[in-house]
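Structure data (mmCIF, C-alpha atoms and all ligand atoms) from final_32.cif:
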data_start
loop_
_atom_site.label_atom_id
_atom_site.label_comp_id
_atom_site.auth_asym_id
_atom_site.auth_seq_id
_atom_site.Cartn_x
_atom_site.Cartn_y
_atom_site.Cartn_z
CA MET A 1 -27.16 -42.52 -14.24
CA LEU A 2 -23.47 -42.43 -13.40
CA GLU A 3 -23.36 -40.15 -10.35
CA ILE A 4 -20.88 -37.51 -9.31
CA SER A 5 -20.36 -37.07 -5.56
CA ASP A 6 -22.03 -34.19 -3.70
CA ARG A 7 -18.61 -33.27 -2.43
CA THR A 8 -17.36 -32.76 -5.96
CA ARG A 9 -20.49 -31.12 -7.31
CA THR A 10 -20.41 -28.53 -4.53
CA LEU A 11 -16.62 -28.09 -4.59
CA GLY A 12 -15.63 -24.41 -4.71
CA THR A 13 -12.99 -23.01 -7.01
CA GLU A 14 -10.61 -20.15 -7.53
CA ASN A 15 -12.52 -17.83 -9.76
CA SER A 16 -9.47 -16.00 -10.97
CA PHE A 17 -8.80 -19.11 -13.09
CA VAL A 18 -12.38 -19.02 -14.40
CA VAL A 19 -12.34 -15.30 -15.19
CA LEU A 20 -8.90 -15.69 -16.70
CA GLY A 21 -10.32 -18.28 -19.10
CA GLU A 22 -13.01 -15.74 -20.05
CA VAL A 23 -10.37 -13.04 -20.57
CA ARG A 24 -8.19 -15.34 -22.70
CA ARG A 25 -11.19 -16.22 -24.84
CA LEU A 26 -11.99 -12.53 -25.39
CA CYS A 27 -8.34 -11.78 -26.22
CA ALA A 28 -8.32 -14.70 -28.70
CA GLU A 29 -11.35 -13.09 -30.35
CA GLY A 30 -9.22 -9.98 -30.82
CA LYS A 31 -10.63 -7.89 -27.92
CA ASP A 32 -8.25 -5.47 -26.29
CA ILE A 33 -8.36 -6.16 -22.53
CA VAL A 34 -6.34 -4.66 -19.71
CA ASN A 35 -5.95 -7.57 -17.34
CA PHE A 36 -5.92 -6.96 -13.57
CA CYS A 37 -7.02 -10.52 -12.72
CA ILE A 38 -3.84 -12.47 -12.48
CA GLY A 39 -2.41 -13.20 -9.05
CA GLU A 40 1.10 -13.80 -10.28
CA PRO A 41 4.15 -11.62 -10.83
CA ASP A 42 4.56 -10.49 -14.43
CA PHE A 43 8.36 -10.85 -14.09
CA ASP A 44 10.39 -13.75 -15.38
CA THR A 45 11.91 -16.30 -13.00
CA PRO A 46 15.51 -15.23 -12.15
CA GLU A 47 18.18 -16.60 -14.52
CA ASN A 48 20.21 -18.50 -11.88
CA VAL A 49 17.04 -20.35 -10.88
CA LYS A 50 16.23 -21.35 -14.45
CA GLU A 51 19.81 -22.45 -15.02
CA ALA A 52 19.75 -24.67 -11.92
CA ALA A 53 16.69 -26.52 -13.21
CA ILE A 54 18.15 -26.89 -16.71
CA GLU A 55 21.35 -28.30 -15.24
CA ALA A 56 19.36 -30.69 -13.02
CA ILE A 57 17.51 -32.00 -16.06
CA ARG A 58 20.76 -32.28 -18.02
CA VAL A 59 22.42 -34.46 -15.37
CA GLY A 60 19.38 -36.66 -14.94
CA LYS A 61 17.93 -35.28 -11.70
CA THR A 62 14.52 -36.12 -13.01
CA LYS A 63 13.32 -38.82 -10.65
CA TYR A 64 11.22 -39.16 -7.50
CA THR A 65 12.64 -37.53 -4.39
CA PRO A 66 11.62 -38.38 -0.81
CA SER A 67 8.04 -37.15 -0.26
CA PRO A 68 8.97 -34.37 2.19
CA GLY A 69 11.48 -33.05 -0.35
CA MET A 70 15.22 -33.28 -1.02
CA ARG A 71 17.27 -33.02 2.15
CA GLU A 72 19.31 -30.01 0.88
CA LEU A 73 16.12 -28.15 0.05
CA ARG A 74 14.54 -28.90 3.43
CA GLU A 75 17.72 -27.61 5.06
CA ALA A 76 17.61 -24.45 2.96
CA VAL A 77 13.93 -23.87 3.82
CA ALA A 78 14.62 -24.47 7.52
CA GLU A 79 17.41 -21.91 7.37
CA TYR A 80 15.16 -19.43 5.53
CA PHE A 81 12.31 -19.89 8.03
CA SER A 82 14.69 -19.64 10.99
CA GLU A 83 16.27 -16.43 9.73
CA THR A 84 13.16 -14.66 8.54
CA ARG A 85 10.91 -15.68 11.45
CA GLY A 86 13.56 -15.40 14.17
CA ILE A 87 12.88 -18.94 15.40
CA ASP A 88 14.68 -22.25 15.28
CA VAL A 89 13.25 -24.51 12.56
CA ASP A 90 14.68 -27.99 12.12
CA PRO A 91 14.95 -29.42 8.56
CA ASP A 92 12.96 -32.45 9.76
CA SER A 93 10.01 -30.13 10.43
CA VAL A 94 9.92 -28.97 6.80
CA VAL A 95 7.85 -30.51 4.01
CA VAL A 96 7.99 -29.46 0.36
CA ALA A 97 5.05 -29.83 -2.04
CA CYS A 98 3.85 -28.79 -5.49
CA GLY A 99 3.12 -25.19 -4.49
CA ALA A 100 1.89 -23.83 -1.20
CA LYS A 101 -1.74 -24.48 -2.04
CA PRO A 102 -1.77 -28.25 -1.34
CA PHE A 103 -0.86 -27.53 2.29
CA ILE A 104 -4.23 -25.89 2.81
CA GLY A 105 -6.03 -29.18 2.17
CA TYR A 106 -3.34 -31.31 3.84
CA THR A 107 -3.45 -29.24 7.02
CA ILE A 108 -7.24 -29.37 7.24
CA LEU A 109 -7.09 -33.14 6.65
CA THR A 110 -4.42 -33.52 9.29
CA VAL A 111 -6.15 -31.66 12.12
CA THR A 112 -9.89 -32.20 11.51
CA ASP A 113 -12.07 -35.27 11.01
CA TYR A 114 -14.76 -35.54 8.38
CA GLY A 115 -18.27 -34.78 9.64
CA LYS A 116 -17.33 -34.49 13.32
CA GLY A 117 -18.26 -30.83 13.58
CA HIS A 118 -14.65 -29.65 13.76
CA GLU A 119 -14.59 -25.96 12.97
CA VAL A 120 -12.05 -24.02 10.95
CA VAL A 121 -11.90 -20.24 11.29
CA TYR A 122 -10.64 -18.33 8.26
CA PRO A 123 -10.51 -14.78 6.90
CA ASN A 124 -13.38 -13.43 4.82
CA PRO A 125 -12.88 -12.03 2.24
CA GLY A 126 -10.09 -14.50 1.66
CA PHE A 127 -8.33 -16.87 -0.67
CA PRO A 128 -11.30 -18.95 -1.87
CA ILE A 129 -9.53 -22.29 -1.48
CA TYR A 130 -9.72 -22.03 2.32
CA GLU A 131 -13.50 -22.23 2.32
CA SER A 132 -13.74 -24.78 -0.46
CA GLN A 133 -11.21 -27.10 1.19
CA ILE A 134 -12.78 -26.75 4.66
CA LYS A 135 -16.13 -27.81 3.19
CA ALA A 136 -14.71 -30.54 0.96
CA GLN A 137 -12.85 -32.11 3.88
CA GLY A 138 -16.04 -32.21 5.95
CA ALA A 139 -15.17 -29.51 8.49
CA VAL A 140 -17.31 -26.51 9.39
CA PRO A 141 -16.29 -23.15 7.86
CA ILE A 142 -16.41 -20.20 10.28
CA PRO A 143 -15.52 -16.92 8.54
CA ILE A 144 -14.02 -13.94 10.37
CA ASN A 145 -14.97 -10.76 8.58
CA LEU A 146 -12.13 -8.44 7.73
CA LYS A 147 -13.58 -4.95 7.58
CA GLU A 148 -12.56 -1.88 5.68
CA GLY A 149 -13.22 0.30 8.76
CA ARG A 150 -10.56 -1.70 10.63
CA ASN A 151 -8.09 -1.52 7.75
CA TYR A 152 -8.79 -5.22 7.09
CA SER A 153 -7.06 -6.33 10.26
CA PHE A 154 -8.46 -9.11 12.45
CA ASP A 155 -11.27 -8.23 14.82
CA VAL A 156 -10.04 -10.05 17.89
CA GLU A 157 -13.39 -9.72 19.65
CA GLU A 158 -15.06 -11.47 16.75
CA LEU A 159 -12.35 -14.13 16.93
CA GLU A 160 -13.05 -14.59 20.64
CA ARG A 161 -16.74 -15.04 19.91
CA LYS A 162 -16.16 -17.51 17.10
CA VAL A 163 -13.50 -19.78 18.60
CA ASN A 164 -14.67 -22.58 20.88
CA GLU A 165 -13.76 -26.12 21.92
CA LYS A 166 -14.78 -27.44 18.50
CA THR A 167 -12.40 -25.12 16.66
CA ARG A 168 -9.43 -27.12 15.43
CA LEU A 169 -7.78 -24.68 13.07
CA LEU A 170 -7.38 -20.95 12.61
CA ILE A 171 -6.17 -19.85 9.18
CA LEU A 172 -4.26 -16.58 9.02
CA ASN A 173 -3.03 -14.93 5.85
CA SER A 174 -0.71 -11.96 6.08
CA PRO A 175 -0.03 -10.13 3.79
CA HIS A 176 -3.56 -10.85 2.75
CA ASN A 177 -5.17 -11.80 -0.53
CA PRO A 178 -7.35 -9.95 -1.60
CA THR A 179 -7.09 -6.84 0.61
CA GLY A 180 -3.30 -6.49 0.90
CA GLY A 181 -3.74 -6.07 4.68
CA VAL A 182 -0.79 -6.92 6.92
CA LEU A 183 -1.21 -8.11 10.53
CA SER A 184 0.75 -6.02 13.04
CA ARG A 185 2.63 -7.35 16.04
CA GLU A 186 -0.16 -6.02 18.25
CA ASP A 187 -2.81 -7.93 16.23
CA LEU A 188 -0.76 -11.11 16.30
CA GLU A 189 -0.17 -10.89 20.04
CA LYS A 190 -3.89 -10.45 20.64
CA ILE A 191 -4.69 -13.39 18.37
CA ALA A 192 -2.09 -15.48 20.21
CA ASP A 193 -3.71 -14.62 23.55
CA VAL A 194 -7.03 -15.98 22.30
CA VAL A 195 -5.50 -19.09 20.71
CA LYS A 196 -3.52 -19.97 23.85
CA ARG A 197 -6.75 -20.55 25.75
CA TYR A 198 -7.49 -23.61 23.60
CA GLU A 199 -5.40 -26.73 23.92
CA ASN A 200 -6.47 -28.22 20.63
CA LEU A 201 -6.27 -25.27 18.27
CA TRP A 202 -3.75 -25.22 15.44
CA ILE A 203 -2.85 -22.24 13.27
CA LEU A 204 -2.19 -22.42 9.54
CA SER A 205 -0.24 -19.27 8.76
CA ASP A 206 -0.35 -18.66 5.02
CA GLU A 207 2.72 -16.50 4.48
CA ILE A 208 2.99 -16.81 0.71
CA TYR A 209 3.31 -12.99 0.39
CA SER A 210 5.73 -12.62 3.33
CA LYS A 211 8.46 -11.06 1.18
CA ILE A 212 6.10 -8.65 -0.56
CA VAL A 213 5.64 -5.98 2.12
CA TYR A 214 6.12 -2.26 1.67
CA ASP A 215 5.83 -0.11 4.75
CA LYS A 216 6.58 -2.32 7.70
CA GLU A 217 8.32 -5.58 8.48
CA PHE A 218 6.51 -8.85 8.00
CA LEU A 219 5.90 -10.76 11.20
CA SER A 220 4.81 -14.38 11.50
CA ILE A 221 2.54 -15.57 14.30
CA ALA A 222 5.11 -18.37 14.75
CA SER A 223 7.51 -15.70 16.05
CA ILE A 224 5.19 -14.81 18.93
CA PRO A 225 6.35 -16.71 22.04
CA GLY A 226 4.47 -19.98 22.53
CA MET A 227 3.01 -20.06 19.00
CA GLN A 228 5.59 -21.97 16.95
CA GLU A 229 4.56 -25.37 18.27
CA ARG A 230 0.98 -25.03 17.08
CA THR A 231 1.66 -23.08 13.88
CA ILE A 232 2.03 -24.61 10.44
CA ILE A 233 4.10 -22.00 8.62
CA MET A 234 3.26 -22.07 4.93
CA ASP A 235 5.26 -20.22 2.30
CA GLY A 236 6.66 -20.86 -1.15
CA LEU A 237 8.41 -19.44 -4.16
CA SER A 238 5.45 -18.72 -6.45
CA LYS A 239 5.11 -15.06 -5.59
CA THR A 240 8.53 -14.23 -4.12
CA PHE A 241 10.60 -15.51 -7.04
CA ALA A 242 7.98 -15.25 -9.82
CA MET A 243 7.78 -19.05 -9.94
CA THR A 244 4.03 -19.77 -10.03
CA GLY A 245 4.41 -22.43 -12.73
CA TRP A 246 7.28 -24.27 -11.06
CA ARG A 247 4.98 -25.47 -8.29
CA ILE A 248 7.14 -25.29 -5.21
CA GLY A 249 5.77 -24.53 -1.76
CA PHE A 250 6.76 -25.55 1.73
CA ALA A 251 5.41 -25.81 5.24
CA ALA A 252 6.98 -26.31 8.64
CA ASN A 253 5.72 -27.77 11.87
CA GLU A 254 7.59 -30.19 14.08
CA ARG A 255 4.62 -32.39 15.09
CA LEU A 256 2.82 -32.38 11.77
CA ALA A 257 5.69 -32.72 9.29
CA GLU A 258 5.56 -36.52 9.08
CA HIS A 259 1.77 -36.44 8.63
CA LEU A 260 1.87 -33.71 5.99
CA ALA A 261 4.56 -35.76 4.22
CA ARG A 262 2.25 -38.80 4.22
CA TRP A 263 -0.40 -36.68 2.53
CA VAL A 264 2.22 -35.77 -0.08
CA THR A 265 2.98 -39.48 -0.56
CA ASN A 266 -0.74 -40.15 -0.98
CA THR A 267 -1.23 -37.44 -3.57
CA GLU A 268 1.71 -35.88 -5.41
CA SER A 269 4.45 -38.37 -4.32
CA CYS A 270 6.87 -35.45 -4.31
CA ALA A 271 7.46 -32.08 -5.94
CA ALA A 272 9.20 -32.23 -9.33
CA GLN A 273 12.91 -32.77 -8.83
CA PRO A 274 14.12 -30.10 -11.30
CA SER A 275 11.82 -27.61 -9.57
CA GLN A 276 13.32 -28.57 -6.24
CA TYR A 277 16.80 -27.82 -7.60
CA ALA A 278 15.48 -24.49 -8.89
CA ALA A 279 14.07 -23.76 -5.42
CA LEU A 280 17.40 -24.55 -3.82
CA ALA A 281 19.16 -22.13 -6.18
CA ALA A 282 16.54 -19.46 -5.43
CA LEU A 283 16.86 -19.72 -1.66
CA LYS A 284 20.65 -20.00 -1.66
CA GLY A 285 21.40 -17.51 -4.42
CA SER A 286 21.18 -13.73 -4.66
CA TRP A 287 17.92 -12.11 -3.59
CA SER A 288 18.55 -8.98 -5.65
CA ASP A 289 15.90 -9.91 -8.24
CA VAL A 290 13.35 -10.29 -5.43
CA GLU A 291 14.29 -6.88 -4.03
CA ARG A 292 13.93 -5.33 -7.47
CA MET A 293 10.50 -6.92 -7.98
CA VAL A 294 9.25 -5.73 -4.59
CA GLU A 295 10.53 -2.18 -5.27
CA THR A 296 8.61 -2.22 -8.56
CA PHE A 297 5.44 -3.55 -6.90
CA LYS A 298 5.66 -0.75 -4.35
CA LYS A 299 5.80 1.93 -7.07
CA ARG A 300 2.88 0.29 -8.84
CA ARG A 301 0.91 0.13 -5.61
CA ASP A 302 1.31 3.87 -5.17
CA LEU A 303 0.36 4.45 -8.81
CA ILE A 304 -2.77 2.32 -8.73
CA VAL A 305 -4.02 3.44 -5.30
CA GLU A 306 -3.59 7.10 -6.16
CA GLY A 307 -5.23 6.55 -9.54
CA LEU A 308 -8.20 4.65 -8.08
CA ASN A 309 -8.76 7.31 -5.43
CA SER A 310 -8.89 9.98 -8.12
CA ILE A 311 -11.83 8.26 -9.85
CA GLU A 312 -15.29 9.43 -8.81
CA GLY A 313 -17.15 6.69 -6.93
CA ILE A 314 -14.06 4.69 -5.98
CA ARG A 315 -12.07 4.76 -2.75
CA CYS A 316 -9.12 2.55 -1.96
CA LEU A 317 -7.06 1.95 1.17
CA LYS A 318 -3.31 1.60 0.74
CA PRO A 319 -2.41 -2.09 0.96
CA GLY A 320 0.67 -2.88 3.05
CA GLY A 321 1.65 -6.01 1.14
CA ALA A 322 0.95 -8.55 -1.65
CA PHE A 323 0.10 -7.05 -5.07
CA TYR A 324 -3.63 -6.45 -4.84
CA ALA A 325 -5.77 -3.34 -4.53
CA TRP A 326 -9.23 -3.86 -3.04
CA PRO A 327 -11.18 -0.66 -3.72
CA ASN A 328 -14.67 0.05 -2.46
CA VAL A 329 -16.81 0.60 -5.57
CA THR A 330 -20.23 0.94 -3.89
CA GLU A 331 -20.64 4.49 -5.13
CA ALA A 332 -19.30 3.66 -8.61
CA CYS A 333 -21.94 0.90 -8.88
CA ARG A 334 -24.63 3.41 -7.92
CA LEU A 335 -23.36 5.96 -10.45
CA VAL A 336 -23.53 3.54 -13.39
CA GLY A 337 -26.62 1.66 -12.16
CA ALA A 338 -24.83 -1.67 -11.55
CA LYS A 339 -26.69 -3.68 -8.92
CA ASP A 340 -23.50 -5.01 -7.35
CA SER A 341 -19.75 -5.49 -7.77
CA GLU A 342 -20.26 -8.58 -9.97
CA GLU A 343 -22.39 -6.68 -12.47
CA PHE A 344 -19.84 -3.87 -12.34
CA ARG A 345 -17.05 -6.40 -13.01
CA LYS A 346 -18.86 -7.83 -16.02
CA ARG A 347 -19.57 -4.40 -17.42
CA LEU A 348 -15.94 -3.38 -16.98
CA LEU A 349 -14.87 -6.52 -18.83
CA TYR A 350 -17.33 -6.46 -21.71
CA GLU A 351 -17.92 -2.72 -22.11
CA ALA A 352 -14.69 -1.10 -20.92
CA GLY A 353 -12.12 -3.82 -21.71
CA VAL A 354 -10.84 -4.07 -18.13
CA ALA A 355 -10.63 -7.42 -16.35
CA VAL A 356 -10.92 -7.44 -12.54
CA LEU A 357 -12.36 -9.85 -9.97
CA SER A 358 -15.31 -9.01 -7.75
CA ASP A 359 -15.77 -9.58 -4.03
CA ILE A 360 -18.11 -12.54 -4.57
CA HIS A 361 -15.03 -14.44 -5.73
CA PHE A 362 -13.54 -14.14 -2.22
CA GLY A 363 -16.38 -15.25 0.05
CA GLU A 364 -19.72 -14.07 1.28
CA LYS A 365 -20.05 -10.30 1.65
CA ALA A 366 -20.18 -9.13 5.25
CA GLU A 367 -23.16 -6.96 6.06
CA GLY A 368 -22.58 -3.25 5.59
CA GLU A 369 -19.23 -3.70 3.86
CA GLY A 370 -20.44 -2.50 0.46
CA GLU A 371 -19.11 -3.52 -2.94
CA HIS A 372 -15.45 -4.26 -3.72
CA ILE A 373 -13.36 -5.42 -6.65
CA ARG A 374 -9.83 -6.80 -6.73
CA LEU A 375 -7.17 -5.49 -9.06
CA SER A 376 -3.84 -7.26 -9.24
CA TYR A 377 -1.12 -4.71 -9.98
CA ALA A 378 1.33 -7.40 -11.06
CA THR A 379 1.28 -5.70 -14.44
CA SER A 380 3.16 -2.82 -16.09
CA ASP A 381 2.75 0.89 -15.30
CA LYS A 382 1.51 1.38 -18.84
CA GLU A 383 -1.27 -1.17 -18.37
CA ILE A 384 -2.16 0.28 -14.97
CA ILE A 385 -2.45 3.80 -16.42
CA GLU A 386 -4.51 2.58 -19.39
CA GLY A 387 -6.77 0.41 -17.20
CA LEU A 388 -7.45 3.29 -14.82
CA ARG A 389 -8.20 5.59 -17.77
CA ARG A 390 -10.75 3.10 -19.08
CA ILE A 391 -12.43 2.70 -15.69
CA ARG A 392 -12.61 6.47 -15.22
CA GLU A 393 -14.08 7.02 -18.68
CA TYR A 394 -16.50 4.15 -18.27
CA ILE A 395 -17.92 5.58 -15.05
CA SER A 396 -18.16 9.17 -16.31
CA GLY A 397 -19.62 8.07 -19.65
CA ASN A 398 -22.26 5.73 -18.22
CA ARG A 399 -23.73 7.67 -15.35
CA VAL A 400 -27.38 7.12 -14.59
CA VAL A 401 -27.47 9.53 -11.64
C1 LIG B 501 -3.23 -16.44 -0.17
C2 LIG B 501 -2.66 -17.46 -1.09
N1 LIG B 501 -2.25 -18.64 -0.60
C3 LIG B 501 -1.74 -19.58 -1.39
C4 LIG B 501 -1.63 -19.39 -2.76
C5 LIG B 501 -1.11 -20.51 -3.61
O1 LIG B 501 0.25 -20.44 -3.84
P1 LIG B 501 0.99 -21.54 -4.76
O2 LIG B 501 0.94 -21.02 -6.15
O3 LIG B 501 2.39 -21.59 -4.21
O4 LIG B 501 0.29 -22.81 -4.61
C6 LIG B 501 -2.05 -18.18 -3.31
C7 LIG B 501 -1.99 -17.99 -4.77
O5 LIG B 501 -2.65 -17.17 -5.35
C8 LIG B 501 -2.58 -17.19 -2.46
O6 LIG B 501 -2.99 -16.03 -2.94
#
Structure encoded using structure tokens:
Amino acid sequence: MLEISDRTRTLGTENSFVVLGEVRRLCAEGKDIVNFCIGEPDFDTPENVKEAAIEAIRVGKTKYTPSPGMRELREAVAEYFSETRGIDVDPDSVVVACGAKPFIGYTILTVTDYGKGHEVVYPNPGFPIYESQIKAQGAVPIPINLKEGRNYSFDVEELERKVNEKTRLLILNSPHNPTGGVLSREDLEKIADVVKRYENLWILSDEIYSKIVYDKEFLSIASIPGMQERTIIMDGLSKTFAMTGWRIGFAANERLAEHLARWVTNTESCAAQPSQYAALAALKGSWSDVERMVETFKKRRDLIVEGLNSIEGIRCLKPGGAFYAWPNVTEACRLVGAKDSEEFRKRLLYEAGVAVLSDIHFGEKAEGEGEHIRLSYATSDKEIIEGLRRIREYISGNRVV
């Protein structure tokens, strides 16, 4: 028989794409679904950005660029990182790729060796690609449990226990998918104190939601004294400028840039040139559309969190960033006789017409944490109100206790 590798057969995935396929199929069958699955802004890409790409295509800027990205774009990213992180980032330290996501794999490949027992510590729950890439690249996944009781911040004592001489990489993600948690300066300083004890420990700081914060300023671990050298700052335009389909992300680290760029050469060659021109226009142009989007997300956050907390059996912390709510639905599951969040999710989808993701899509459940679902509020107020109404009615109409 023609075999498929173990690595590929056991490769993880991002279940939002899988559930989204299910939702699209149901919609195509004529079902009316309120969709809280999608992790992308529902806004259109700003006009000046679209125009820049159209103009680039028109004048024939449709070829390969250097693998690390066009010089002007690397300069613009370096300027953006320097300003927003309060550090000095050189354009030579910047690499551009097709979205931020490829840098997860590239970074793991760059700082760990296959099968040598190199450990990578990452947040759990968390963006599922961390775990799947750690495993696929032959490193050892070590989850750090983010707990509701700690407002989903990092438990530094747990970090201290889990980091050792074999740990090569710590992945941080703030603001965090799926909880919306934001790491404070105090958290970051404590994390930095632990990291500093290890000579050979890199940090991948996934800052893709850095511009989507509501109550306090975003802070990067790279801004903490002594951390820039070992931090790969990862960000992009997907969420900030509603550009998920343009596939532009970037990373910065002085030592690793040339190696990350070689991974780009080995895989994507370079990001699409028209998209790079669009990215340049986004970074250099007006940020008023971004401000407007973030203002809107903030209002929706308040709407959805308040609405969720008013439903019997559901309690939800207020997320400080990103566009996800991560309510605890343990009691709701008990009320309707669902054995866990995944059964609850399926019942919401098929019986109530509400699409959400469940906690099993974001890693292994930590003991005692209960059941959670993720709702993306990158959708209209009208949809949020209707979705909440359906969830409320579903729970009250299907009680078994
Ligand atoms: C935490 C996190 N990192 C990275 C990404 C990927 O971003 P991009 O679309 O730029 O590849 C996402 C997208 O959902 C995300 O949630």
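Across A:Ile224, A:Leu280, A:Ala100, A:Leu188, the tightest approach to ligand LIG 501 (chain B) is made by A:Ala100 when counting all atoms listed in the file.
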Query - Contacts to ligand LIG 501 (chain B) at 8 Å cut-off (all atoms listed in the file) as a PyMOL selection string - result: chain A and resi 39-40+98-102+104+126-127+173+176-178+206-209+235-239+244-245+247-249
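Proximity to Val294 (chain A) was assessed for A:Leu260, A:Ala278, A:Ala378, A:Met227 counting all atoms listed in the file; the smallest distance is recorded for A:Ala378.
Nearest to Ala325 (chain A) of all the residues A:Gln133, A:Ser174, A:Gln276, A:Ser376 is A:Ser376, based on all atoms listed in the file.
Using all atoms listed in the file, the nearest neighbour of Trp202 (chain A) within the list A:Trp246, A:Val120, A:Leu11, A:Leu183 is A:Val120.
Taking only C-alpha atoms into account, Thr167 (chain A) lies nearest to A:Val121 out of the set A:Ile134, A:Ile311, A:Val121, A:Ile212.
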Report task. Tell me which protein, DNA and RNA residues are within 7 Å of Ser341 (chain A), counting all atoms listed in the file, leaving out same-chain ones fewer than 2 positions away, and put them as a ChimeraX atom specification. Result -> /A:333,343-345,358-359,371-373
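Interatomic distance, CA of Ser223 (chain A) against CA of Lys284 (chain A): 22.5 Å.
For the atom pair formed by CA of Glu331 (chain A) and CA of Leu146 (chain A), the distance is 20.1 Å, given to one decimal.
Contact shell of Glu165 (chain A) at 10 Å (only C-alpha atoms; same-chain neighbours under 2 positions omitted): His118, Glu119, Val163, Thr167, Arg168, Arg197, Tyr198, Glu199, Asn200 and Leu201 of chain A.
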